[in-house]
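coords-v2.cif (mmCIF, C-alpha atoms)
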```cif
data_my_file
#
loop_
_atom_site.label_atom_id
_atom_site.label_comp_id
_atom_site.auth_asym_id
_atom_site.auth_seq_id
_atom_site.Cartn_x
_atom_site.Cartn_y
_atom_site.Cartn_z
CA MET P 1 0.00 0.00 0.00
CA ASP P 2 1.54 3.27 -1.11
CA CYS P 3 1.07 6.18 1.30
CA VAL P 4 2.23 9.76 1.17
CA LYS P 5 2.00 12.38 3.89
CA VAL P 6 -0.39 15.19 2.95
CA ASP P 7 -1.54 18.41 4.57
CA ASN P 8 -4.26 18.03 7.25
CA ASP P 9 -6.55 20.10 5.02
CA ARG P 10 -6.84 17.06 2.73
CA PHE P 11 -8.65 15.20 5.53
CA PHE P 12 -10.76 18.25 6.41
CA GLU P 13 -11.78 18.59 2.74
CA TYR P 14 -13.90 15.43 3.15
CA SER P 15 -14.67 15.69 6.87
CA HIS P 16 -18.20 17.00 6.27
CA TYR P 17 -19.10 13.41 5.27
CA ILE P 18 -18.11 12.04 8.68
CA ARG P 19 -21.18 10.95 10.66
CA VAL P 20 -19.49 9.88 13.90
CA GLU P 21 -18.55 12.31 16.68
CA PHE P 22 -15.57 14.26 15.33
CA CYS P 23 -13.62 16.88 17.25
CA LYS P 24 -11.73 18.79 14.57
CA SER P 25 -10.34 21.19 17.18
CA CYS P 26 -8.53 18.25 18.85
CA PHE P 27 -6.21 17.79 15.89
CA GLY P 28 -2.94 18.47 17.69
CA SER P 29 0.58 18.68 16.35
CA ASP P 30 1.02 14.93 16.88
CA ILE P 31 -1.79 14.11 14.41
CA LYS P 32 -0.78 13.79 10.79
CA VAL P 33 -2.62 12.92 7.58
CA ARG P 34 -1.61 10.55 4.82
CA GLU P 35 -3.20 9.47 1.58
CA CYS P 36 -2.89 5.85 0.54
CA SER P 37 -3.63 4.10 -2.71
CA ILE P 38 -4.94 0.57 -2.54
CA LEU P 39 -4.28 -1.01 -5.91
CA SER P 40 -4.44 -4.74 -5.21
CA ILE P 41 -6.15 -7.33 -3.05
CA GLU P 42 -2.88 -7.68 -1.11
CA ASP P 43 -2.98 -3.94 -0.33
CA TRP P 44 -6.62 -4.26 0.70
CA ASN P 45 -5.87 -7.21 2.97
CA GLU P 46 -3.08 -5.27 4.67
CA PHE P 47 -5.39 -2.28 5.21
CA SER P 48 -8.51 -4.18 6.25
CA ALA P 49 -6.74 -6.38 8.82
CA GLU P 50 -6.78 -3.52 11.34
CA CYS P 51 -10.13 -1.92 10.43
CA PHE P 52 -13.01 -1.45 12.79
CA LEU P 53 -16.37 0.13 12.07
CA PRO P 54 -18.33 2.65 14.13
CA TRP P 55 -21.07 0.00 14.26
CA TYR P 56 -21.67 -2.04 17.36
CA LYS P 57 -22.49 -5.64 18.09
CA GLN P 58 -25.92 -6.35 19.53
CA GLY P 59 -27.09 -2.85 18.54
CA ILE P 60 -25.43 -1.34 21.60
CA THR P 61 -24.50 2.34 21.51
CA PRO P 62 -20.87 3.43 21.94
CA SER P 63 -21.64 4.91 25.36
CA ASP P 64 -22.60 1.49 26.74
CA SER P 65 -19.73 -0.05 28.73
CA ARG P 66 -20.34 -3.36 26.91
CA ALA P 67 -20.05 -1.76 23.46
CA GLU P 68 -17.88 -3.69 21.05
CA ASN P 69 -17.14 -2.49 17.52
CA TYR P 70 -17.45 -4.80 14.58
CA SER P 71 -14.25 -5.41 12.69
CA LEU P 72 -14.64 -4.73 8.97
CA ARG P 73 -13.94 -8.34 8.07
CA GLU P 74 -16.36 -9.68 10.66
CA TYR P 75 -19.17 -7.38 9.54
CA ALA P 76 -18.65 -8.16 5.83
CA LEU P 77 -18.91 -11.89 6.54
CA LYS P 78 -22.09 -11.42 8.56
CA TYR P 79 -23.72 -8.75 6.37
CA PRO P 80 -22.21 -8.89 2.86
CA CYS P 81 -23.32 -6.27 0.36
CA SER P 82 -22.75 -5.32 -3.25
CA LEU P 83 -20.32 -2.81 -4.61
CA ASP P 84 -21.72 0.15 -6.52
CA PRO P 85 -19.23 0.68 -9.37
CA ASN P 86 -20.47 4.27 -9.83
CA GLN P 87 -19.35 5.37 -6.37
CA GLU P 88 -16.07 7.13 -5.80
CA MET P 89 -13.80 4.63 -4.02
CA ARG P 90 -12.68 6.88 -1.17
CA ILE P 91 -12.51 5.99 2.51
CA LEU P 92 -11.63 8.15 5.50
CA SER P 93 -10.01 6.47 8.46
CA ALA P 94 -8.34 7.26 11.76
CA TYR P 95 -5.37 5.15 12.84
CA HIS P 96 -4.16 4.96 16.44
CA SER P 97 -0.47 4.51 15.72
CA SER P 98 0.58 3.24 19.14
CA LEU P 99 -2.14 0.57 19.32
CA GLY P 100 -2.47 -0.42 15.67
CA LEU P 101 -6.22 0.24 15.63
CA ARG P 102 -7.94 1.74 12.58
CA LEU P 103 -11.46 3.18 12.70
CA LEU P 104 -13.30 3.86 9.46
CA VAL P 105 -15.05 7.21 9.81
CA ASP P 106 -16.45 7.62 6.29
CA GLY P 107 -17.00 5.11 3.52
CA CYS P 108 -18.00 2.24 5.80
CA HIS P 109 -20.61 0.86 3.39
CA ARG P 110 -18.08 1.04 0.53
CA ALA P 111 -15.51 -0.73 2.69
CA VAL P 112 -17.97 -3.52 3.56
CA ALA P 113 -18.83 -3.90 -0.13
CA LEU P 114 -15.13 -4.01 -1.07
CA GLN P 115 -14.46 -6.61 1.64
CA SER P 116 -17.47 -8.61 0.42
CA GLU P 117 -15.98 -8.64 -3.08
CA VAL P 118 -12.61 -9.81 -1.73
CA ASN P 119 -14.39 -12.51 0.29
CA LYS P 120 -15.93 -13.78 -2.97
CA GLY P 121 -12.49 -13.88 -4.59
CA LYS P 122 -13.26 -10.96 -6.91
CA ASN P 123 -10.96 -8.11 -7.84
CA ILE P 124 -11.64 -4.63 -6.52
CA PRO P 125 -11.16 -1.21 -8.12
CA PRO P 126 -8.45 1.17 -6.90
CA VAL P 127 -9.32 2.77 -3.55
CA THR P 128 -8.09 6.03 -2.06
CA VAL P 129 -7.75 6.17 1.72
CA ILE P 130 -7.31 9.48 3.46
CA GLU P 131 -6.21 8.75 6.99
CA CYS P 132 -5.41 10.81 10.04
CA TYR P 133 -3.04 9.07 12.41
CA GLY P 134 -1.34 9.57 15.72
CA THR P 135 -1.37 8.50 19.34
CA GLN P 136 -4.37 10.62 20.43
CA MET P 137 -7.16 9.43 18.14
CA GLU P 138 -9.47 9.02 21.13
CA ARG P 139 -9.52 12.82 21.39
CA VAL P 140 -10.48 13.34 17.75
CA PHE P 141 -13.10 10.56 17.63
CA PRO P 142 -13.97 10.25 21.33
CA CYS P 143 -17.03 7.99 21.35
CA ASP P 144 -15.88 5.37 18.90
CA PHE P 145 -12.23 5.19 19.93
CA ASP P 146 -13.28 5.09 23.57
CA SER P 147 -15.25 1.94 22.80
CA LEU P 148 -12.32 0.43 20.88
CA LEU P 149 -9.93 1.19 23.72
CA LYS P 150 -12.25 -0.37 26.31
CA THR P 151 -12.51 -3.54 24.24
CA TYR P 152 -8.77 -3.57 23.76
CA LYS P 153 -8.12 -3.13 27.48
CA ARG P 154 -10.41 -6.07 28.24
CA GLN P 155 -8.45 -8.23 25.78
CA PHE P 156 -4.94 -6.99 26.56
CA PRO P 157 -5.05 -5.25 29.96
CA THR P 158 -1.32 -5.20 30.71
CA LYS P 159 -0.32 -4.21 27.18
CA VAL P 160 -2.51 -1.12 27.04
CA ASP P 161 -1.81 -0.03 30.59
CA SER P 162 1.95 -0.22 30.02
CA ASN P 163 3.75 1.60 27.24
CA GLU P 164 4.44 -1.59 25.33
CA LYS P 165 2.91 -1.95 21.91
CA PRO P 166 0.07 -4.47 22.23
CA LYS P 167 -0.53 -7.41 19.98
CA LYS P 168 -2.73 -6.47 17.04
CA PRO P 169 -6.31 -7.70 17.17
CA THR P 170 -7.30 -10.59 14.97
CA ALA P 171 -10.38 -10.31 12.82
CA THR P 172 -12.94 -12.97 13.54
#
```
Whole structure given in structure tokens:
Amino acid sequence: MDCVKVDNDRFFEYSHYIRVEFCKSCFGSDIKVRECSILSIEDWNEFSAECFLPWYKQGITPSDSRAENYSLREYALKYPCSLDPNQEMRILSAYHSSLGLRLLVDGCHRAVALQSEVNKGKNIPPVTVIECYGTQMERVFPCDFDSLLKTYKRQFPTKVDSNEKPKKPTAT
């Protein structure tokens, strides 16, 4: 997956599409933006391995202490959908660089459709990912990253509480 660092304005250009809680004013100096091109299934697999959706198992809201985000791969297996070839293949994501967690914040339906195509063994069109990344993503997307961090702490309590980099989650 080819990525290049871009100005934060590139992310803000599309931020009006974001439907999850987004605190633009919390973009600090430690948060950067990159644009990535996904040109192959291998690139997609690398990207999607760490993706979570702002959609919750059992219909629970993110404020519920039991809230658990669906991984992209898990959701696409459970609720596959079709790809609309007329849609622009652009996804916005937020990547917590110290934990290796990626939250899709726009383009979730497109991502599920792309993953559904990959699951069927089909090729996918080129995809552009515009991603903000850093160690403070829970400030920028407080509700959804808070839920991800709680789930992560339940799974890897000593890894998250220490400064060690935790093991990456596995998609189920």
* To do: Could you tell me which residues the PyMOL selection byres ((chain P and resi 45-50) around 6) returns for this structure, as a PyMOL selection string?
  => chain P and resi 42-44+51+101-102
* To do: Taking the point (-3.2, 10.3, 13.7) as given in the file, collect each protein or nucleic acid residue that comes within 9 Å of it, counting all atoms listed in the file, and present the set as a ChimeraX atom specification.
  => /P:27,30-33,94-97,131-137,140
* To do: For the file shown, report as an NGL selection string the outcome of the PyMOL selection byres ((chain P and resi 142) around 12) at residue level.
  => :P and (20-24 or 26 or 54 or 62-63 or 94 or 103 or 105 or 136-141 or 143-150)
* To do: Rounded to one decimal place, report the CA of Glu74 in chain P-CA of Pro125 in chain P distance in Å.
  => 21.2 Å
* Asked: Quick one: distance from CA of Arg73 in chain P to CA of Val118 in chain P in Å, one decimal?
  -> 10.0 Å
Once the PyMOL selection byres ((chain P and resi 70) around 8) is applied to the coordinates I shared, what remains selected? I want it as a short mmCIF file (atom, residue, chain, number, x, y, z; two decimals) with C-alpha atoms, in the frame of the given file.
```
data_model
loop_
_atom_site.label_atom_id
_atom_site.label_comp_id
_atom_site.auth_asym_id
_atom_site.auth_seq_id
_atom_site.Cartn_x
_atom_site.Cartn_y
_atom_site.Cartn_z
CA PHE P 52 -13.01 -1.45 12.79
CA LEU P 53 -16.37 0.13 12.07
CA PRO P 54 -18.33 2.65 14.13
CA TRP P 55 -21.07 0.00 14.26
CA TYR P 56 -21.67 -2.04 17.36
CA LYS P 57 -22.49 -5.64 18.09
CA GLU P 68 -17.88 -3.69 21.05
CA ASN P 69 -17.14 -2.49 17.52
CA SER P 71 -14.25 -5.41 12.69
CA LEU P 72 -14.64 -4.73 8.97
CA GLU P 74 -16.36 -9.68 10.66
CA TYR P 75 -19.17 -7.38 9.54
#
```
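Minimum distance to Gln115 in chain P across P:Ala67, P:Cys81, P:Val4, P:Leu39 (counting all atoms listed in the file) occurs at P:Cys81.
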Taking all atoms of range 64-75 of chain P that appear in the file, build a box with edges along x, y and z, extend it by 6 Å on every side, and state its centre and edge lengths in Å to one decimal, as JSON.
```
{"center_x": -18.3, "center_y": -4.1, "center_z": 18.4, "size_x": 20.7, "size_y": 23.2, "size_z": 32.7}
```
Residues of range 31-125 of chain P within 10 Å of range 6-18 of chain P: nearest atom pair and distance (Å, one decimal) for each, counting all atoms listed in the file, sorted by chain and number, as JSON lines?
```
{"residue": "P:Ile31", "atom": "CA", "partner": "P:Asn8", "partner_atom": "CA", "distance": 8.5}
{"residue": "P:Lys32", "atom": "CA", "partner": "P:Asn8", "partner_atom": "CA", "distance": 6.5}
{"residue": "P:Val33", "atom": "CA", "partner": "P:Asn8", "partner_atom": "CA", "distance": 5.4}
{"residue": "P:Arg34", "atom": "CA", "partner": "P:Val6", "partner_atom": "CA", "distance": 5.1}
{"residue": "P:Glu35", "atom": "CA", "partner": "P:Val6", "partner_atom": "CA", "distance": 6.5}
{"residue": "P:Cys36", "atom": "CA", "partner": "P:Val6", "partner_atom": "CA", "distance": 10.0}
{"residue": "P:Arg90", "atom": "CA", "partner": "P:Tyr14", "partner_atom": "CA", "distance": 9.7}
{"residue": "P:Ile91", "atom": "CA", "partner": "P:Tyr14", "partner_atom": "CA", "distance": 9.6}
{"residue": "P:Leu92", "atom": "CA", "partner": "P:Phe11", "partner_atom": "CA", "distance": 7.7}
{"residue": "P:Ser93", "atom": "CA", "partner": "P:Phe11", "partner_atom": "CA", "distance": 9.3}
{"residue": "P:Leu104", "atom": "CA", "partner": "P:Ile18", "partner_atom": "CA", "distance": 9.5}
{"residue": "P:Val105", "atom": "CA", "partner": "P:Ile18", "partner_atom": "CA", "distance": 5.8}
{"residue": "P:Asp106", "atom": "CA", "partner": "P:Ile18", "partner_atom": "CA", "distance": 5.3}
{"residue": "P:Gly107", "atom": "CA", "partner": "P:Ile18", "partner_atom": "CA", "distance": 8.7}
```
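Coordinates place CA of Ser98 in chain P at a distance of 26.1 Å from CA of Ser40 in chain P.
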* Asked: Which one of P:Ile124, P:Leu99, P:Cys3, P:Asn86 sits closest to Ala111 in chain P if you count all atoms listed in the file?
  -> P:Ile124
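Counting only C-alpha atoms and comparing P:Asp64, P:Arg110, P:Met1, P:Leu83, the residue that lies closest to Asn123 in chain P is P:Leu83.
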Save range 6-150 of chain P from what I just supplied, as a PDB file, in the first residue's frame, atoms limited to C-alpha atoms.
```pdb
ATOM      1  CA  VAL P   6      -0.393  15.187   2.950  1.00  0.00           C
ATOM      2  CA  ASP P   7      -1.544  18.405   4.574  1.00  0.00           C
ATOM      3  CA  ASN P   8      -4.260  18.032   7.246  1.00  0.00           C
ATOM      4  CA  ASP P   9      -6.552  20.098   5.016  1.00  0.00           C
ATOM      5  CA  ARG P  10      -6.838  17.062   2.729  1.00  0.00           C
ATOM      6  CA  PHE P  11      -8.646  15.202   5.526  1.00  0.00           C
ATOM      7  CA  PHE P  12     -10.762  18.252   6.409  1.00  0.00           C
ATOM      8  CA  GLU P  13     -11.784  18.585   2.743  1.00  0.00           C
ATOM      9  CA  TYR P  14     -13.898  15.429   3.153  1.00  0.00           C
ATOM     10  CA  SER P  15     -14.674  15.689   6.871  1.00  0.00           C
ATOM     11  CA  HIS P  16     -18.198  17.001   6.266  1.00  0.00           C
ATOM     12  CA  TYR P  17     -19.104  13.413   5.270  1.00  0.00           C
ATOM     13  CA  ILE P  18     -18.113  12.041   8.680  1.00  0.00           C
ATOM     14  CA  ARG P  19     -21.176  10.951  10.659  1.00  0.00           C
ATOM     15  CA  VAL P  20     -19.493   9.881  13.895  1.00  0.00           C
ATOM     16  CA  GLU P  21     -18.554  12.306  16.676  1.00  0.00           C
ATOM     17  CA  PHE P  22     -15.574  14.255  15.327  1.00  0.00           C
ATOM     18  CA  CYS P  23     -13.620  16.883  17.249  1.00  0.00           C
ATOM     19  CA  LYS P  24     -11.733  18.794  14.569  1.00  0.00           C
ATOM     20  CA  SER P  25     -10.335  21.191  17.177  1.00  0.00           C
ATOM     21  CA  CYS P  26      -8.529  18.254  18.852  1.00  0.00           C
ATOM     22  CA  PHE P  27      -6.211  17.791  15.895  1.00  0.00           C
ATOM     23  CA  GLY P  28      -2.937  18.472  17.689  1.00  0.00           C
ATOM     24  CA  SER P  29       0.582  18.680  16.346  1.00  0.00           C
ATOM     25  CA  ASP P  30       1.018  14.930  16.885  1.00  0.00           C
ATOM     26  CA  ILE P  31      -1.788  14.112  14.413  1.00  0.00           C
ATOM     27  CA  LYS P  32      -0.778  13.792  10.789  1.00  0.00           C
ATOM     28  CA  VAL P  33      -2.622  12.915   7.580  1.00  0.00           C
ATOM     29  CA  ARG P  34      -1.611  10.545   4.816  1.00  0.00           C
ATOM     30  CA  GLU P  35      -3.199   9.469   1.580  1.00  0.00           C
ATOM     31  CA  CYS P  36      -2.891   5.846   0.544  1.00  0.00           C
ATOM     32  CA  SER P  37      -3.626   4.098  -2.709  1.00  0.00           C
ATOM     33  CA  ILE P  38      -4.940   0.572  -2.541  1.00  0.00           C
ATOM     34  CA  LEU P  39      -4.284  -1.007  -5.907  1.00  0.00           C
ATOM     35  CA  SER P  40      -4.441  -4.737  -5.206  1.00  0.00           C
ATOM     36  CA  ILE P  41      -6.147  -7.332  -3.047  1.00  0.00           C
ATOM     37  CA  GLU P  42      -2.884  -7.680  -1.109  1.00  0.00           C
ATOM     38  CA  ASP P  43      -2.975  -3.940  -0.331  1.00  0.00           C
ATOM     39  CA  TRP P  44      -6.621  -4.257   0.703  1.00  0.00           C
ATOM     40  CA  ASN P  45      -5.871  -7.208   2.969  1.00  0.00           C
ATOM     41  CA  GLU P  46      -3.085  -5.266   4.671  1.00  0.00           C
ATOM     42  CA  PHE P  47      -5.386  -2.278   5.207  1.00  0.00           C
ATOM     43  CA  SER P  48      -8.509  -4.183   6.253  1.00  0.00           C
ATOM     44  CA  ALA P  49      -6.743  -6.384   8.817  1.00  0.00           C
ATOM     45  CA  GLU P  50      -6.785  -3.515  11.341  1.00  0.00           C
ATOM     46  CA  CYS P  51     -10.133  -1.924  10.427  1.00  0.00           C
ATOM     47  CA  PHE P  52     -13.013  -1.446  12.789  1.00  0.00           C
ATOM     48  CA  LEU P  53     -16.367   0.134  12.067  1.00  0.00           C
ATOM     49  CA  PRO P  54     -18.327   2.650  14.134  1.00  0.00           C
ATOM     50  CA  TRP P  55     -21.066   0.005  14.256  1.00  0.00           C
ATOM     51  CA  TYR P  56     -21.667  -2.044  17.364  1.00  0.00           C
ATOM     52  CA  LYS P  57     -22.488  -5.644  18.086  1.00  0.00           C
ATOM     53  CA  GLN P  58     -25.924  -6.348  19.525  1.00  0.00           C
ATOM     54  CA  GLY P  59     -27.092  -2.850  18.538  1.00  0.00           C
ATOM     55  CA  ILE P  60     -25.428  -1.337  21.596  1.00  0.00           C
ATOM     56  CA  THR P  61     -24.495   2.338  21.513  1.00  0.00           C
ATOM     57  CA  PRO P  62     -20.869   3.430  21.943  1.00  0.00           C
ATOM     58  CA  SER P  63     -21.635   4.913  25.360  1.00  0.00           C
ATOM     59  CA  ASP P  64     -22.601   1.485  26.740  1.00  0.00           C
ATOM     60  CA  SER P  65     -19.731  -0.051  28.729  1.00  0.00           C
ATOM     61  CA  ARG P  66     -20.344  -3.361  26.906  1.00  0.00           C
ATOM     62  CA  ALA P  67     -20.053  -1.764  23.459  1.00  0.00           C
ATOM     63  CA  GLU P  68     -17.882  -3.694  21.048  1.00  0.00           C
ATOM     64  CA  ASN P  69     -17.138  -2.486  17.524  1.00  0.00           C
ATOM     65  CA  TYR P  70     -17.447  -4.805  14.579  1.00  0.00           C
ATOM     66  CA  SER P  71     -14.249  -5.409  12.685  1.00  0.00           C
ATOM     67  CA  LEU P  72     -14.640  -4.731   8.970  1.00  0.00           C
ATOM     68  CA  ARG P  73     -13.938  -8.342   8.075  1.00  0.00           C
ATOM     69  CA  GLU P  74     -16.360  -9.684  10.657  1.00  0.00           C
ATOM     70  CA  TYR P  75     -19.173  -7.376   9.539  1.00  0.00           C
ATOM     71  CA  ALA P  76     -18.649  -8.160   5.834  1.00  0.00           C
ATOM     72  CA  LEU P  77     -18.910 -11.890   6.538  1.00  0.00           C
ATOM     73  CA  LYS P  78     -22.088 -11.417   8.565  1.00  0.00           C
ATOM     74  CA  TYR P  79     -23.725  -8.751   6.372  1.00  0.00           C
ATOM     75  CA  PRO P  80     -22.211  -8.887   2.862  1.00  0.00           C
ATOM     76  CA  CYS P  81     -23.316  -6.273   0.364  1.00  0.00           C
ATOM     77  CA  SER P  82     -22.753  -5.325  -3.254  1.00  0.00           C
ATOM     78  CA  LEU P  83     -20.318  -2.808  -4.614  1.00  0.00           C
ATOM     79  CA  ASP P  84     -21.720   0.152  -6.525  1.00  0.00           C
ATOM     80  CA  PRO P  85     -19.234   0.679  -9.369  1.00  0.00           C
ATOM     81  CA  ASN P  86     -20.471   4.266  -9.826  1.00  0.00           C
ATOM     82  CA  GLN P  87     -19.354   5.374  -6.368  1.00  0.00           C
ATOM     83  CA  GLU P  88     -16.065   7.128  -5.796  1.00  0.00           C
ATOM     84  CA  MET P  89     -13.804   4.633  -4.019  1.00  0.00           C
ATOM     85  CA  ARG P  90     -12.677   6.878  -1.175  1.00  0.00           C
ATOM     86  CA  ILE P  91     -12.514   5.987   2.507  1.00  0.00           C
ATOM     87  CA  LEU P  92     -11.630   8.154   5.500  1.00  0.00           C
ATOM     88  CA  SER P  93     -10.015   6.472   8.459  1.00  0.00           C
ATOM     89  CA  ALA P  94      -8.336   7.259  11.759  1.00  0.00           C
ATOM     90  CA  TYR P  95      -5.366   5.147  12.842  1.00  0.00           C
ATOM     91  CA  HIS P  96      -4.160   4.961  16.438  1.00  0.00           C
ATOM     92  CA  SER P  97      -0.467   4.508  15.716  1.00  0.00           C
ATOM     93  CA  SER P  98       0.579   3.239  19.144  1.00  0.00           C
ATOM     94  CA  LEU P  99      -2.145   0.575  19.320  1.00  0.00           C
ATOM     95  CA  GLY P 100      -2.472  -0.416  15.670  1.00  0.00           C
ATOM     96  CA  LEU P 101      -6.224   0.242  15.632  1.00  0.00           C
ATOM     97  CA  ARG P 102      -7.941   1.736  12.580  1.00  0.00           C
ATOM     98  CA  LEU P 103     -11.464   3.175  12.701  1.00  0.00           C
ATOM     99  CA  LEU P 104     -13.303   3.857   9.462  1.00  0.00           C
ATOM    100  CA  VAL P 105     -15.048   7.209   9.806  1.00  0.00           C
ATOM    101  CA  ASP P 106     -16.453   7.623   6.285  1.00  0.00           C
ATOM    102  CA  GLY P 107     -17.004   5.109   3.517  1.00  0.00           C
ATOM    103  CA  CYS P 108     -18.002   2.244   5.800  1.00  0.00           C
ATOM    104  CA  HIS P 109     -20.606   0.861   3.394  1.00  0.00           C
ATOM    105  CA  ARG P 110     -18.081   1.044   0.532  1.00  0.00           C
ATOM    106  CA  ALA P 111     -15.508  -0.729   2.689  1.00  0.00           C
ATOM    107  CA  VAL P 112     -17.965  -3.515   3.560  1.00  0.00           C
ATOM    108  CA  ALA P 113     -18.832  -3.903  -0.127  1.00  0.00           C
ATOM    109  CA  LEU P 114     -15.134  -4.011  -1.065  1.00  0.00           C
ATOM    110  CA  GLN P 115     -14.461  -6.606   1.639  1.00  0.00           C
ATOM    111  CA  SER P 116     -17.470  -8.611   0.424  1.00  0.00           C
ATOM    112  CA  GLU P 117     -15.976  -8.641  -3.083  1.00  0.00           C
ATOM    113  CA  VAL P 118     -12.609  -9.811  -1.727  1.00  0.00           C
ATOM    114  CA  ASN P 119     -14.392 -12.510   0.293  1.00  0.00           C
ATOM    115  CA  LYS P 120     -15.931 -13.782  -2.967  1.00  0.00           C
ATOM    116  CA  GLY P 121     -12.486 -13.879  -4.586  1.00  0.00           C
ATOM    117  CA  LYS P 122     -13.259 -10.964  -6.907  1.00  0.00           C
ATOM    118  CA  ASN P 123     -10.964  -8.112  -7.844  1.00  0.00           C
ATOM    119  CA  ILE P 124     -11.635  -4.634  -6.518  1.00  0.00           C
ATOM    120  CA  PRO P 125     -11.164  -1.213  -8.124  1.00  0.00           C
ATOM    121  CA  PRO P 126      -8.455   1.171  -6.897  1.00  0.00           C
ATOM    122  CA  VAL P 127      -9.324   2.771  -3.545  1.00  0.00           C
ATOM    123  CA  THR P 128      -8.094   6.035  -2.064  1.00  0.00           C
ATOM    124  CA  VAL P 129      -7.754   6.167   1.721  1.00  0.00           C
ATOM    125  CA  ILE P 130      -7.307   9.484   3.462  1.00  0.00           C
ATOM    126  CA  GLU P 131      -6.210   8.752   6.993  1.00  0.00           C
ATOM    127  CA  CYS P 132      -5.411  10.806  10.044  1.00  0.00           C
ATOM    128  CA  TYR P 133      -3.043   9.070  12.409  1.00  0.00           C
ATOM    129  CA  GLY P 134      -1.340   9.570  15.724  1.00  0.00           C
ATOM    130  CA  THR P 135      -1.373   8.502  19.345  1.00  0.00           C
ATOM    131  CA  GLN P 136      -4.367  10.624  20.425  1.00  0.00           C
ATOM    132  CA  MET P 137      -7.160   9.433  18.135  1.00  0.00           C
ATOM    133  CA  GLU P 138      -9.475   9.020  21.125  1.00  0.00           C
ATOM    134  CA  ARG P 139      -9.520  12.823  21.392  1.00  0.00           C
ATOM    135  CA  VAL P 140     -10.480  13.340  17.752  1.00  0.00           C
ATOM    136  CA  PHE P 141     -13.101  10.563  17.628  1.00  0.00           C
ATOM    137  CA  PRO P 142     -13.967  10.254  21.328  1.00  0.00           C
ATOM    138  CA  CYS P 143     -17.028   7.994  21.355  1.00  0.00           C
ATOM    139  CA  ASP P 144     -15.880   5.367  18.898  1.00  0.00           C
ATOM    140  CA  PHE P 145     -12.234   5.186  19.934  1.00  0.00           C
ATOM    141  CA  ASP P 146     -13.276   5.095  23.574  1.00  0.00           C
ATOM    142  CA  SER P 147     -15.246   1.944  22.796  1.00  0.00           C
ATOM    143  CA  LEU P 148     -12.322   0.429  20.876  1.00  0.00           C
ATOM    144  CA  LEU P 149      -9.926   1.191  23.719  1.00  0.00           C
ATOM    145  CA  LYS P 150     -12.245  -0.369  26.308  1.00  0.00           C
TER     146      LYS P 150
END
```
